[in-house]
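> Quick one: this structure, given as structure tokens, is what I'll be asking you about.
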Amino acid sequence: MGSSFGQVCCLIFCLAIALLKNDSPKILSYMIPIRDTIPCIHRPYVTWALMAINISIFLLMQLMSEQTLNTFLYYFGMVAARYTYPEWAQQAGFPVDHYFSFVSSMFLHGGWLHIIMNMVFMWIFADNI
């Protein structure tokens, strides 16, 4: 929740400054990209697959109860204490996953703004990779 809240606060602050300067259309065009200038040579199938996986996991998370969601996030999210304090992780019942959560945490999002902005940037920039 913290990163989404921070993003919203930053956006509101920048929009307020733009309104005070009376140049809101100009500031919006700099803040949120809508396209890039590098043409895409091939169809971005991998990008589409990653977006589908991210959106599916996020929607699945929205359907979970709070207790199930917390357990899901502890197992698949990046809980740094699992690696800095392995004794605590073992006592808490975390499985030894050999650092799987470094990968699985990339598919977890904290809120609607988080997933939307990540997917927008992936749609715009990932086709060139």
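In the structure tokens, each chain is lettered A, B, ... as it comes, each chain's residues begin at 1, and ligands are numbered from 1 in order of appearance.
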Neighbours of A:Thr37 within 10 Å (only C-alpha atoms; same-chain residues fewer than 3 positions away dropped), as a ChimeraX atom specification?
/A:40,124-125
> Find the residues near A:Met106: any atom within 10 Å, counting only C-alpha atoms, skip ones fewer than 4 places away on the same chain, and give them as a VMD selection string.
chain A and resid 54 76 to 78 101 to 102
> Record the distance separating atom CA of A:Val46 and atom CA of A:Ala126, expressed in Å with one decimal.
9.0 Å
> Expressed in Å to a single decimal, how great is the separation between atom CA of A:His98 and atom CA of A:Thr71?
18.2 Å
> Can you pull out every residue within 9 Å of A:Phe107, counting only C-alpha atoms, but drop anything in the same chain fewer than 5 positions away, and send it as a PyMOL selection string?
chain A and resi 50+53-55+57-58+77
> What is the distance, in Å and to one decimal place, between atom CA of A:Asn118 and atom CA of A:Glu66?
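Computing the Euclidean distance for atom CA of A:Asn118 and atom CA of A:Glu66 yields 23.6 Å.
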> Write out as a list in words each polymer residue whose atoms come within 12 Å of A:Pro86, counting only C-alpha atoms; drop sequence neighbours fewer than 5 positions from it.
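Near A:Pro86, the qualifying residues are Val79, Ala80, Ala81, Gln91, Ala92, Gly93, Phe94, Pro95, Val96, Asp97, His98 and Tyr99 of chain A.
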> Pick out the residues sitting within 9 Å of stretch 60-63 of chain A, and hand them over as a list in words; count only C-alpha atoms, and ignore anything fewer than 6 positions along from it in its own chain.
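Skipping anything fewer than 6 positions along the chain leaves Leu69, Phe72 and Leu108 of chain A.
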